[in-house]
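protein_5.cif follows (mmCIF, C-alpha atoms):
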data_protein
loop_
_atom_site.label_atom_id
_atom_site.label_comp_id
_atom_site.auth_asym_id
_atom_site.auth_seq_id
_atom_site.Cartn_x
_atom_site.Cartn_y
_atom_site.Cartn_z
CA MET A 1 36.97 -13.09 -23.21
CA MET A 2 39.02 -10.09 -24.25
CA ILE A 3 41.50 -8.61 -21.78
CA LYS A 4 40.67 -5.03 -20.80
CA PRO A 5 43.03 -2.19 -21.75
CA GLU A 6 45.24 -0.77 -19.02
CA ILE A 7 45.73 2.96 -18.48
CA ILE A 8 49.46 3.42 -17.95
CA PHE A 9 49.41 7.20 -17.51
CA GLN A 10 47.20 10.21 -17.99
CA ASP A 11 47.22 13.93 -17.30
CA ASN A 12 45.44 16.97 -18.78
CA ASP A 13 47.09 16.50 -22.18
CA LEU A 14 47.38 12.81 -22.90
CA VAL A 15 46.47 9.29 -21.93
CA VAL A 16 48.76 6.30 -22.47
CA LEU A 17 47.30 2.80 -22.72
CA ASN A 18 48.48 -0.78 -22.89
CA LYS A 19 46.29 -2.16 -25.68
CA PRO A 20 45.36 -5.85 -25.59
CA ALA A 21 45.75 -7.89 -28.77
CA GLY A 22 42.48 -8.23 -30.69
CA MET A 23 41.19 -4.73 -29.93
CA LEU A 24 41.10 -1.91 -32.47
CA SER A 25 42.87 1.35 -31.73
CA ILE A 26 40.09 3.49 -33.23
CA PRO A 27 36.47 2.75 -34.24
CA ASP A 28 35.90 0.68 -37.35
CA ARG A 29 34.56 2.74 -40.26
CA PHE A 30 31.70 0.35 -40.96
CA ASN A 31 30.92 -1.19 -37.56
CA GLN A 32 31.20 1.12 -34.56
CA ASN A 33 30.33 -1.75 -32.21
CA ILE A 34 33.64 -3.57 -32.71
CA PRO A 35 35.66 -3.11 -29.47
CA ASN A 36 38.12 -0.24 -29.75
CA LEU A 37 40.14 1.96 -27.41
CA VAL A 38 38.46 5.27 -28.27
CA SER A 39 34.99 3.93 -27.40
CA TRP A 40 36.30 2.19 -24.29
CA LEU A 41 37.83 5.43 -23.05
CA ASP A 42 34.67 7.38 -23.92
CA LYS A 43 32.60 5.00 -21.79
CA SER A 44 35.07 5.66 -18.98
CA GLY A 45 34.45 9.39 -19.29
CA ILE A 46 37.71 10.15 -21.10
CA ALA A 47 37.42 11.91 -24.45
CA VAL A 48 40.48 11.53 -26.67
CA ILE A 49 41.83 12.40 -30.11
CA PRO A 50 43.83 9.64 -31.86
CA VAL A 51 47.46 10.48 -32.60
CA HIS A 52 48.67 7.15 -33.98
CA ARG A 53 47.49 3.55 -34.04
CA ILE A 54 48.77 0.00 -33.78
CA ASP A 55 47.42 -3.10 -35.53
CA LYS A 56 44.42 -4.90 -34.12
CA PHE A 57 46.38 -8.03 -33.21
CA THR A 58 49.41 -6.14 -31.92
CA SER A 59 49.47 -5.45 -28.19
CA GLY A 60 51.20 -2.68 -26.33
CA VAL A 61 51.66 1.00 -25.64
CA ILE A 62 49.65 3.64 -27.51
CA VAL A 63 49.17 7.38 -26.92
CA PHE A 64 46.06 9.55 -27.30
CA ALA A 65 45.73 13.33 -26.98
CA LYS A 66 43.09 14.80 -24.67
CA ASN A 67 42.82 18.24 -26.27
CA PRO A 68 43.37 19.82 -29.73
CA GLU A 69 46.64 21.57 -28.81
CA ALA A 70 48.22 18.40 -27.42
CA HIS A 71 47.06 16.57 -30.56
CA ARG A 72 48.63 19.24 -32.80
CA VAL A 73 52.00 19.10 -31.03
CA LEU A 74 52.13 15.30 -30.86
CA SER A 75 51.06 14.92 -34.50
CA LEU A 76 53.82 17.28 -35.63
CA ASP A 77 56.38 15.30 -33.60
CA PHE A 78 55.20 12.02 -35.13
CA GLU A 79 55.41 13.51 -38.63
CA ALA A 80 58.89 14.91 -37.91
CA ARG A 81 60.07 11.49 -36.66
CA GLN A 82 60.80 12.87 -33.21
CA VAL A 83 59.04 9.97 -31.50
CA ASP A 84 60.97 6.79 -30.66
CA LYS A 85 58.84 3.64 -31.00
CA TYR A 86 60.16 0.23 -30.00
CA TYR A 87 58.49 -3.11 -30.73
CA THR A 88 59.23 -6.59 -29.40
CA ALA A 89 58.71 -9.46 -31.83
CA ILE A 90 59.11 -13.23 -31.90
CA CYS A 91 60.14 -14.23 -35.39
CA ASP A 92 61.43 -17.15 -37.44
CA GLY A 93 65.02 -18.14 -37.98
CA ARG A 94 68.56 -17.49 -36.82
CA PHE A 95 69.96 -14.01 -37.38
CA LEU A 96 73.45 -13.71 -38.83
CA SER A 97 73.95 -10.34 -37.14
CA GLU A 98 72.84 -9.20 -33.69
CA ARG A 99 71.99 -5.73 -34.98
CA GLY A 100 70.94 -4.37 -38.32
CA GLU A 101 69.06 -1.78 -40.32
CA ILE A 102 66.26 -2.40 -42.80
CA ASN A 103 65.90 0.37 -45.33
CA ALA A 104 63.19 -0.71 -47.77
CA PRO A 105 60.35 1.42 -49.23
CA LEU A 106 56.83 0.19 -48.54
CA ALA A 107 53.78 0.44 -50.77
CA GLU A 108 50.30 -1.04 -50.68
CA SER A 109 49.88 -4.14 -52.82
CA THR A 110 47.88 -3.65 -56.01
CA ILE A 111 46.83 -7.30 -55.83
CA THR A 112 45.93 -7.95 -52.19
CA ARG A 113 43.94 -5.23 -50.45
CA GLY A 114 45.34 -4.25 -47.05
CA LYS A 115 48.74 -5.83 -47.70
CA MET A 116 51.99 -3.89 -47.83
CA ILE A 117 54.95 -4.84 -49.99
CA VAL A 118 58.54 -3.72 -50.46
CA HIS A 119 58.51 -1.78 -53.74
CA LYS A 120 60.46 1.07 -55.31
CA ARG A 121 57.24 3.06 -55.77
CA GLY A 122 56.66 2.98 -52.02
CA LYS A 123 57.42 5.50 -49.30
CA ALA A 124 60.80 5.51 -47.58
CA SER A 125 60.71 3.16 -44.59
CA LEU A 126 63.44 2.57 -42.05
CA SER A 127 63.69 0.08 -39.17
CA GLN A 128 66.54 -0.88 -36.85
CA TYR A 129 66.62 -4.22 -35.05
CA GLU A 130 68.51 -5.86 -32.22
CA VAL A 131 68.37 -9.55 -31.37
CA LEU A 132 67.50 -9.83 -27.68
CA GLU A 133 67.52 -13.63 -27.52
CA GLN A 134 68.44 -16.15 -30.20
CA PHE A 135 66.87 -19.61 -30.09
CA ASN A 136 67.43 -22.58 -32.37
CA ARG A 137 64.63 -21.87 -34.86
CA PHE A 138 63.20 -18.60 -33.55
CA ALA A 139 64.40 -15.25 -32.20
CA LEU A 140 63.23 -12.51 -29.86
CA VAL A 141 64.04 -9.12 -31.36
CA GLU A 142 63.51 -5.46 -30.59
CA VAL A 143 62.66 -3.26 -33.56
CA LYS A 144 62.84 0.52 -33.54
CA ILE A 145 60.83 2.07 -36.35
CA LEU A 146 62.04 5.42 -37.63
CA THR A 147 59.06 5.75 -39.96
CA GLY A 148 55.46 4.84 -39.25
CA ARG A 149 54.27 2.86 -42.24
CA MET A 150 51.40 0.40 -42.13
CA HIS A 151 52.58 -3.08 -41.05
CA GLN A 152 56.17 -1.83 -41.14
CA VAL A 153 57.69 -4.22 -38.60
CA ARG A 154 55.92 -7.23 -40.06
CA VAL A 155 56.89 -6.48 -43.66
CA HIS A 156 60.47 -5.47 -42.91
CA LEU A 157 61.19 -8.58 -40.84
CA ALA A 158 59.67 -10.79 -43.53
CA HIS A 159 61.74 -8.93 -46.14
CA ILE A 160 65.00 -10.00 -44.48
CA GLY A 161 63.82 -13.59 -44.10
CA HIS A 162 62.58 -13.45 -40.51
CA PRO A 163 58.78 -13.12 -40.55
CA LEU A 164 56.82 -13.14 -37.32
CA ALA A 165 56.41 -16.65 -35.91
CA ALA A 166 52.67 -16.41 -36.59
CA ASP A 167 51.43 -14.07 -39.30
CA PRO A 168 48.91 -15.18 -41.94
CA LEU A 169 49.64 -12.20 -44.19
CA TYR A 170 53.44 -12.06 -44.21
CA GLY A 171 54.67 -15.18 -42.44
CA LYS A 172 54.99 -18.94 -42.87
CA ARG A 173 52.06 -19.89 -40.68
CA GLU A 174 48.75 -18.52 -39.39
CA SER A 175 49.18 -19.92 -35.87
CA LEU A 176 52.07 -21.33 -33.86
CA PHE A 177 51.81 -24.86 -32.49
CA LEU A 178 53.72 -26.22 -29.51
CA SER A 179 54.82 -29.16 -31.66
CA GLU A 180 56.86 -26.71 -33.76
CA ILE A 181 58.80 -25.71 -30.66
CA LYS A 182 59.19 -29.12 -28.98
CA THR A 183 59.42 -31.01 -32.33
CA LYS A 184 60.32 -34.67 -31.61
CA ARG A 185 59.69 -34.25 -27.90
CA PHE A 186 56.04 -33.39 -28.49
CA HIS A 187 53.46 -36.14 -28.01
CA LEU A 188 49.67 -36.22 -28.29
CA SER A 189 47.31 -38.92 -27.18
CA LYS A 190 46.08 -41.14 -30.01
CA TYR A 191 42.82 -39.36 -30.86
CA ALA A 192 43.69 -35.87 -29.68
CA GLU A 193 43.94 -32.95 -32.09
CA GLU A 194 46.59 -30.36 -31.37
CA GLN A 195 45.30 -26.86 -30.71
CA PRO A 196 47.28 -23.72 -31.64
CA PHE A 197 49.60 -22.45 -28.93
CA LEU A 198 49.52 -18.88 -30.28
CA THR A 199 46.80 -17.58 -32.59
CA ARG A 200 47.93 -13.99 -33.12
CA GLN A 201 51.01 -12.24 -34.42
CA PRO A 202 53.69 -12.12 -31.70
CA LEU A 203 54.26 -8.38 -31.93
CA HIS A 204 54.16 -5.98 -28.98
CA ALA A 205 54.60 -2.21 -28.85
CA ALA A 206 56.97 -2.29 -25.90
CA ARG A 207 57.85 1.36 -25.31
CA ILE A 208 57.53 4.86 -26.69
CA ARG A 209 59.53 8.01 -26.02
CA PHE A 210 58.60 11.57 -26.96
CA ASN A 211 58.53 15.14 -25.68
CA HIS A 212 55.52 16.00 -23.54
CA PRO A 213 53.26 18.39 -25.52
CA SER A 214 53.03 20.93 -22.66
CA THR A 215 56.30 20.72 -20.73
CA GLY A 216 58.60 19.73 -23.58
CA ASN A 217 60.31 17.24 -21.27
CA SER A 218 61.24 13.83 -22.63
CA VAL A 219 58.90 11.11 -21.35
CA GLU A 220 58.98 7.36 -21.88
CA PHE A 221 56.25 4.80 -21.31
CA LYS A 222 56.53 1.00 -21.33
CA ALA A 223 54.08 -1.88 -21.60
CA GLU A 224 55.15 -5.25 -20.24
CA LEU A 225 54.87 -8.32 -22.47
CA PRO A 226 51.42 -9.95 -22.26
CA LYS A 227 50.97 -13.43 -20.85
CA ASP A 228 50.52 -15.16 -24.22
CA LEU A 229 53.91 -14.00 -25.48
CA ILE A 230 55.58 -14.76 -22.15
CA ALA A 231 54.20 -18.31 -22.42
CA VAL A 232 55.74 -18.70 -25.89
CA LEU A 233 59.11 -17.42 -24.66
CA ASN A 234 59.04 -19.81 -21.70
CA GLN A 235 58.57 -22.75 -24.06
CA LEU A 236 61.29 -21.51 -26.41
CA ARG A 237 63.72 -21.14 -23.53
CA LYS A 238 62.90 -24.65 -22.38
CA TRP A 239 62.82 -26.53 -25.69
CA ASP A 240 64.44 -24.43 -28.43
CA LYS A 241 67.77 -23.37 -26.96
#

Would you kindly transcribe this structure into structure tokens?
Amino acid sequence: MMIKPEIIFQDNDLVVLNKPAGMLSIPDRFNQNIPNLVSWLDKSGIAVIPVHRIDKFTSGVIVFAKNPEAHRVLSLDFEARQVDKYYTAICDGRFLSERGEINAPLAESTITRGKMIVHKRGKASLSQYEVLEQFNRFALVEVKILTGRMHQVRVHLAHIGHPLAADPLYGKRESLFLSEIKTKRFHLSKYAEEQPFLTRQPLHAARIRFNHPSTGNSVEFKAELPKDLIAVLNQLRKWDK
């Protein structure tokens, strides 16, 4: 059963949500019945205009405008890169540097539909990362994106050799198993089959900062890590230090 979205904040101009993983930001072009935030808000009596979006299997904070003027102002700020967006990710490997910048242009693949690649024909794309917690084989990082390209965090982290711990499109594995964290200390009963410990990409839109469309004051909204990612971190802290 899918977790319901959480309204973090709303006023006359905007509504800020904590989106659960597995839910679309906006309606699907071909199937309007697929769960999405716009329809969920509409059923709650809140009409919105999308300003930006986050991937279906990414959780976290997302902003919608509630009127055309707020949408215009917010859209201009997003285009002008005046919005600070921070993501939390669990990825593979040990980082050589605690902080870094990834400046690599992104373009859509001409071979695989819906996949982005680093390519000189792509649009300028810039990310900054900071390692929050380094484990033996994995790392918890915060990524600030200064551009808003499709799949930017996922592609950029994979580009520097640290793909998300579970990512069928850009990573080493589709799902993360507990045996990969506990390794030799993991044991199953003789006829048991191990089930995935995490079945979605461990990426969370943690916080966003921008100027309010009416007041012009700087506002910041945060979304706490969901339970599935907290569970992964607990196991990493216990077995992968």

So that I can check the surroundings of Phe197 in chain A, please list as an NGL selection string every protein, DNA and RNA residue that reaches within 7 Å of it, counting all atoms listed in the file and ignoring chain neighbours fewer than 6 positions away.
:A and (176-178)

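Between Phe221 in chain A and the candidates A:His162, A:Lys85, A:Lys4, A:Arg94, the tightest atom-to-atom separation, counting only C-alpha atoms, involves A:Lys85.
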
From (66.7, -25.8, -32.1), in the file's coordinates, out to 12 Å: which residues are reached, counting all atoms listed in the file? Answer as a list of chain:residue names.
A:Asp92, A:Gly93, A:Arg94, A:Gln134, A:Phe135, A:Asn136, A:Arg137, A:Phe138, A:Ala139, A:Glu180, A:Ile181, A:Lys182, A:Thr183, A:Lys184, A:Arg185, A:Gln235, A:Leu236, A:Arg237, A:Lys238, A:Trp239, A:Asp240, A:Lys241

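Residues in contact with Ala107 in chain A at 10 Å, where only C-alpha atoms are counted and same-chain residues fewer than 4 positions away are skipped, are listed as A:Lys115, A:Met116, A:Ile117, A:Val118, A:His119, A:Lys120, A:Arg121, A:Gly122, A:Lys123, A:Ala124, A:Ser125, A:Arg149, A:Met150.
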
For the residues in that selection, give me C-alpha atoms as a CSV table (one decimal), in the coordinates of the input.
chain,number,residue,atom,x,y,z
A,115,LYS,CA,48.7,-5.8,-47.7
A,116,MET,CA,52.0,-3.9,-47.8
A,117,ILE,CA,55.0,-4.8,-50.0
A,118,VAL,CA,58.5,-3.7,-50.5
A,119,HIS,CA,58.5,-1.8,-53.7
A,120,LYS,CA,60.5,1.1,-55.3
A,121,ARG,CA,57.2,3.1,-55.8
A,122,GLY,CA,56.7,3.0,-52.0
A,123,LYS,CA,57.4,5.5,-49.3
A,124,ALA,CA,60.8,5.5,-47.6
A,125,SER,CA,60.7,3.2,-44.6
A,149,ARG,CA,54.3,2.9,-42.2
A,150,MET,CA,51.4,0.4,-42.1

For the PyMOL selection byres ((chain A and resi 16) around 8), applied here, can you spell out every residue it catches as an MDAnalysis selection string?
chainID A and resid 7:10 14:15 17:18 61:64 221

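Residues surrounding range 141-148 of chain A within 7 Å are Arg81, Lys85, Tyr86, Tyr87, Thr88, Ala89, Ile90, Ser125, Leu126, Ser127, Gln128, Tyr129, Glu130, Val131, Leu132, Glu133, Ala139, Met150 and Gln152 of chain A [only C-alpha atoms; sequence separation below 2 positions excluded].
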
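In this model, the gap between CA of Phe57 in chain A and CA of Leu74 in chain A comes to 24.1 Å.
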
Please give the centre and size of the box around range 50-64 of chain A (axis-aligned, containing every atom listed in the file, 8 Å added per side), with values in Å to one decimal and written as AutoDock Vina command-line options.
--center_x 47.7 --center_y 1.2 --center_z -30.6 --size_x 23.8 --size_y 34.5 --size_z 25.9

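Using only C-alpha atoms, the smallest distance between any of A:Pro163, A:Asn217, A:Leu198, A:Gln32 and Leu229 in chain A comes from A:Leu198.
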
Closest to Ala205 in chain A among A:Asp11, A:Asp42, A:Asp55, A:Asp167, using all atoms listed in the file?
A:Asp55
